[in-house]
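*Asks:* Handing you this structure, nothing more for now.
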Amino acid sequence: KALVVDVGLKKQYNRGFIGNVDLAAGSKSRYSASLFSMLYSKSSRLTLTGIMNNVNVGHTPGEDGALGELPDAGGGKQSTRQLGINYRYEGKDEDSYFSSDNNIGYTDNDQRSRVNTQTFLTGGDYFHLSSSSNRSRLTDFSTSQSVGFHPRNQIIDLTASISHTAGKSFDSMLSGQFNEKPWATSVLDSLFLPLASARLMRAAINRQRNEMMSRSNSTNYNFTFADRIAFGKDANQNMTSVTGEVSYGRSETNRFGRNSVDYLGTSPSQDRRAEYVSEPAHNYNLALNVEYSRLLNRDSDEVNTIFVRPYVRINQSYEAADNARYRLDRLADYSETAYPLGVLPSTRNALLSVIDATNSYRSRRHVTSSFTGMKFNYTHGDGTSRPQYSAQLNAPVQFKRESISYDRDGHYYRKRNSVLFNPTMTFTYENTDSTGTRYASLTYGTSQSESDLSTLLAIRDDSNPLVVTLGNPNLKKSRDHQVNFMVSSFSTAHQLFTNAELSYHITRNAIATSVLYDKATGKTTTQQVNINGNWGASGNCGLSVPLDKNQHLSLQEELACDYNRSVDLTSVSGLVPEKSKVNNWDLQNTLKLVWQLGDRIRLNYTTNVAYQRATGNREDFTTVSAWRYNFGVNGNITLPWNFEVTTDLTNYNRRGYNDSQMNTSEVIWNLRLTKKLLKDNLTLSLDGFDLLGQLNNTTFVLDTQGRTETWTSSIPRYLMLHVSYKFHK
C-alpha cells in the first residue's frame, strides 16, 4: 500500500531569509568572493547569487560544495564574475507558477599551451610543434520568463528568453613542421632565431608565425510552449502533449590576422598575409511536436501493462552566413606599421579592391524535416513480488529536405531529400526482494548520419596557406550499429554490488577525412570520404563491498578495456595512396579503499592505471605505448574544538610520451583547514592549492592519423584565507 505523510509548516516558518557569504584573499594575487541569499514566503522566493574570483571557479553559490571549492588544474588563468537574480511565484499547485531568471557574467581567460603532434605517414612520419597564447574576454547576459497554468485537465507552460554575448580575443602562435622527431620542445624557439643551427634547418620543413585579433557578438531569442491534455477518468493513461518552439539568432564576428610562413625545403620561399574577415550570420528555427500517450492495464494488479506513444515532429530552419575575406597585404600602402591589427583602410573602395574572392562566400540554407514514429513499452511484473520483464521499442522515421545556395568564386546550388530510419530496442529484467537486487539489459540500436550539405559542393578552400580543403559531391550516408549488454546485482546480506557491461559497434560508410601530405612544403590537402572497416568493442566490470563487519572499510574496484579499429586514408604526394589501419587498445583499472568512522573521519585511497597501445598495418608504423598511473589519498578529519582538515595528496605519472618533457612525475597536494564558530554559522578556512608547486596539465590523444600531446597553463600554487558566514532569519 502507498502511504502518504502530510507535513504542514507552522506559520512562522513560512516566511524567512537565508544567506551565505564567502570572502577570501590569498597569495599570488588570488581572490574570491561569493554570495547566495534568498527571501522566501509561503508562495514565492527571491534569490540573489554572485561570484567573483580568479581561481578558475564558476559554480553557482548555494550549490553543494560550491562555496570555497578548490579549483581544478587546467584551462589557463581565468577570472570570473557572475550575478544572478531569480524570482519564482507558485499558485495553488506546483504546475501554476511564474518564474524569472536573470543572469549576467564576465570571464577573462589567459591561456598558454604547447602541442607536440606526430602524424603517421607512409615513408616516414612527420612531426609538428606549436606554442600559443590566448587572451579572451567574454560578457554574457540572459533573461528567461516562464509561466505555468493548470486549468482542469491541462498543464500549460510558456517560456520566453533572450541571451546576448560579446567577446574579444587576441591569439599568437609559433609552429614548425619537421621530417624527423624533434629532440626537444625548445627547438621551436631556436627555429625562429636568425642564426639557427644547420642541423635544425635540415630537419625543419616550414615555420609559421600567427597573430589574430577578433571581436564577436551574438543575440538569440527563444519562445517555447507546451500543453499536456489528459482525457478520461485516469489522467495517467490517456494524454496528448503538444510542444513548440520559435527561435531567432543573429551574430557577427570580425577577425584581423597576420600569417607568416617560411618554407625551408630545397626551394625556400615565403608567404606573408594580412587579413580581415567579416562573418555576419542569422538564423531561425520553427518546431512543433505532437505526442499521444496511451497506457493499457492488462490485469487488475497493474503489473502487466502496455504503453504506446505515437508522435509527429515537424521542424524548419533557415541559416544565412556570409564570409567576406580581405587581403590587406595587397593594399598599395600596406605595412605592418601603417596597418597594425584592428586597423582598416580609410575608404570602403580601398577595402573592396583587395577582397579574396576565391575564399569569400555567401551561404543560404533551408532544412525541413519531419519525424513520425511509435514508442512501445511492454512490462510484466512489478519487480518486487514477482520479477519484472520489459521491452521497449522506439522506431522513428525522419523525412528530411534541405537545400543550399552558395556563392564562392562562382554559384553553387545543391538540394537533398533523405529518409533516415534510426530504431532502438531494449529488453530488461529486474527483481528486488529481501536478498537484494538483480538487473540485466540488452540494447540494440542503429542510426544513419549524413555529412553537412556544404561538404557536397565541389569547392576549394585555401585560406590557410598550409591546409587546403576540398568538397566531395559523392559522399554517401553512414550507418552505425551498436549492441550493449549489462548485468548488475546487489546482495543485501553482504552489501556487495557487482556490475559488468559489454558493447560492440561498427560503422558502414564511415565519414572520415582523407589527408594528402606534401613532405616538401608541409602543406596538407583534406577531403571527406567514405571508408569501411571501422569497428570497436569494450567491456568493463566492477564491484563494491565492505571489508569489515561494521562497514567502516570498503573496497571499490573497476576494470575497463576498450578496443577500436580505425581506418583512415592518408597519403603522401608522389606515393600510392594507402589506407591506414590502426588497432588502438585502452585499458584502465581503478582501485579505491574508503575508510569512514562516523561523521568525524573519511579517508579514500585511490590508484588508477591506464595503458594505451596502438599498432598499425604499415611497415614503418611506430608502435605507441603510453602509460598514465596515479595513486593518492584524500579525505576529511574532524578535530577537537570544531577544527576540520580536508586534504588530497596524489602522485601523477606519465611514461611513453613522444616529448620527453611530458614524461613526468608530479605530486599534487591540496589542503584546507577549517574552524567553525558561532554555532557553525561563521567559518574560517585556510586553503593551500598545489602546495608543492608541481602541477602540470597534460593531455594525450591517439587516433588513426597520429598522436597529440598537449600542455596547458594552469593557475600557480597559492594560499588563501576564507571568511564565510551563513544566516537564517
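We name chains A, B, ... following the order of the C-alpha cells; residues begin at 1 in each chain, and ligands are numbered from 1 as shown.
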Running DSSP on the backbone, which parts of region 198-327 of chain A land in helix (DSSP H, G or I), as JSON, numbers by chain?

*Replies:* {"A": [198, 199, 200, 201, 202, 203]}

*Asks:* Point out the residue among A:Asp382, A:Glu279, A:Asp333, A:Asp462 with the least atom-to-atom distance to Asn431 (chain A), counting only C-alpha atoms.

*Replies:* A:Asp382

*Asks:* List as a list in words the protein and nucleic acid residues near Trp641 (chain A), meaning an atom at most 10 Å away when only C-alpha atoms are counted, but skip any in the same chain fewer than 5 places from it.

*Replies:*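 So the residues in contact are Lys675, Lys676 and Leu677 of chain A.
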
*Asks:* Mind checking DSSP for region 157-345 of chain A and telling me the strand (DSSP E) residues as a count of residues only?

*Replies:* 128

*Asks:* Skipping near chain neighbours, those fewer than 5 positions away, what residues fall within 8 Å of region 691-706 of chain A using only C-alpha atoms, listed as an NGL selection string?

*Replies:* :A and (73-74 or 117-120 or 566-568 or 570 or 580-582 or 584 or 662 or 666-671 or 711-714 or 716-718)

*Asks:* Residues at most 9 Å from Leu344 (chain A), counting only C-alpha atoms, excluding those fewer than 6 positions away in the same chain, as a PyMOL selection string?

*Replies:* chain A and resi 276+328+351

*Asks:* Write out as a count of residues only each polymer residue whose atoms come within 7 Å of Val609 (chain A), counting only C-alpha atoms; drop sequence neighbours fewer than 4 positions from it.

*Replies:* 6

*Asks:* Could you check how far CA of Thr710 (chain A) sits from CA of Ser131 (chain A), in Å to one decimal?

*Replies:*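 CA of Thr710 (chain A) sits 9.9 Å away from CA of Ser131 (chain A).
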
*Asks:* If you measure from CA of Val277 (chain A) to CA of Gly257 (chain A), what distance in Å do you get, rounded to one decimal?

*Replies:*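 Going from CA of Val277 (chain A) over to CA of Gly257 (chain A), I get 8.5 Å.
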
*Asks:* For region 445-531 of chain A against region 361-371 of chain A, with a cut-off of 12 Å and counting only C-alpha atoms, what is the closest atom pair and its distance in Å to one decimal for every residue that makes the cut, ordered by chain and number, as JSON lines?

*Replies:*
```
{"residue": "A:Asp452", "atom": "CA", "partner": "A:Arg365", "partner_atom": "CA", "distance": 11.0}
{"residue": "A:Leu453", "atom": "CA", "partner": "A:Arg365", "partner_atom": "CA", "distance": 8.9}
{"residue": "A:Ser454", "atom": "CA", "partner": "A:Ser363", "partner_atom": "CA", "distance": 8.9}
{"residue": "A:Leu457", "atom": "CA", "partner": "A:Ser363", "partner_atom": "CA", "distance": 11.6}
{"residue": "A:Ile459", "atom": "CA", "partner": "A:Tyr361", "partner_atom": "CA", "distance": 10.5}
{"residue": "A:Arg460", "atom": "CA", "partner": "A:Tyr361", "partner_atom": "CA", "distance": 11.3}
{"residue": "A:Asp461", "atom": "CA", "partner": "A:Tyr361", "partner_atom": "CA", "distance": 10.2}
{"residue": "A:Ser463", "atom": "CA", "partner": "A:Tyr361", "partner_atom": "CA", "distance": 11.7}
```

*Asks:* Please provide the set of residues having any atom within 8 Å of Phe170 (chain A), restricted to only C-alpha atoms, with same-chain residues fewer than 5 positions apart removed, written as an MDAnalysis selection string.

*Replies:* chainID A and resid 134:136 211:214

*Asks:* Rounded to one decimal place, report the CA of Pro280 (chain A)-CA of Ser216 (chain A) distance in Å.

*Replies:*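 About the pair CA of Pro280 (chain A) and CA of Ser216 (chain A): they are 9.6 Å apart.
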
*Asks:* Counting only C-alpha atoms, figure out which residue out of A:Ser503, A:Glu275, A:Ala626, A:Asp6 gets nearest to Asn663 (chain A).

*Replies:*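 Using only C-alpha atoms, the shortest distance to Asn663 (chain A) belongs to A:Ala626.
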
*Asks:* Using only C-alpha atoms, can you tell me which of A:Val187, A:Ala332, A:Ala610, A:Ala204 comes closest to Tyr126 (chain A)?

*Replies:*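 Once distances to Tyr126 (chain A) are computed over only C-alpha atoms, the minimum belongs to A:Ala204.
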
*Asks:* When distances are computed from only C-alpha atoms, which of A:Leu587, A:Val594, A:Val487, A:Val242 shows the smallest separation from Gln551 (chain A)?

*Replies:*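 Among the listed residues, A:Val594 lies closest to Gln551 (chain A).
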
*Asks:* Find the residue from A:Ala440, A:Ile355, A:Met239, A:Leu200 that sits nearest to Asn153 (chain A); use only C-alpha atoms when measuring.

*Replies:* A:Met239

*Asks:* For each of A:Leu678, A:Ala33, A:Leu121, A:Ala226, take the minimum atom-to-atom distance to Glu619 (chain A), counting only C-alpha atoms, then give the residue where this is smallest.

*Replies:*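 Under the stated criterion, the closest residue is A:Leu121.
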
*Asks:* What are the closest atom pairs, with distances in Å to one decimal, for each residue of region 3-33 of chain A lying within 12 Å of region 79-89 of chain A, using only C-alpha atoms, rows by chain and rising residue number, as JSON lines?

*Replies:*
```
{"residue": "A:Ser29", "atom": "CA", "partner": "A:Ser79", "partner_atom": "CA", "distance": 11.5}
{"residue": "A:Arg30", "atom": "CA", "partner": "A:Ser79", "partner_atom": "CA", "distance": 9.8}
{"residue": "A:Tyr31", "atom": "CA", "partner": "A:Ser79", "partner_atom": "CA", "distance": 9.5}
{"residue": "A:Ser32", "atom": "CA", "partner": "A:Thr80", "partner_atom": "CA", "distance": 9.4}
{"residue": "A:Ala33", "atom": "CA", "partner": "A:Arg81", "partner_atom": "CA", "distance": 9.4}
```

*Asks:* Go ahead and write the residues just picked, N, CA and C atoms, as a compact mmCIF listing (two decimals), in the first residue's frame.

*Replies:*
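Listing of result17.txt after writing:
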```txt
# COMPACT_ATOMS: atom_id res chain seq x y z
N SER A 29 48.19 37.06 -5.65
CA SER A 29 47.07 37.93 -6.03
C SER A 29 45.78 37.16 -6.27
N ARG A 30 45.63 36.00 -5.62
CA ARG A 30 44.38 35.24 -5.74
C ARG A 30 43.31 35.88 -4.86
N TYR A 31 42.06 35.86 -5.33
CA TYR A 31 40.95 36.39 -4.56
C TYR A 31 39.68 35.62 -4.90
N SER A 32 38.71 35.70 -4.02
CA SER A 32 37.44 35.01 -4.24
C SER A 32 36.35 35.66 -3.39
N ALA A 33 35.17 35.81 -3.96
CA ALA A 33 34.01 36.31 -3.22
C ALA A 33 32.77 35.66 -3.81
```
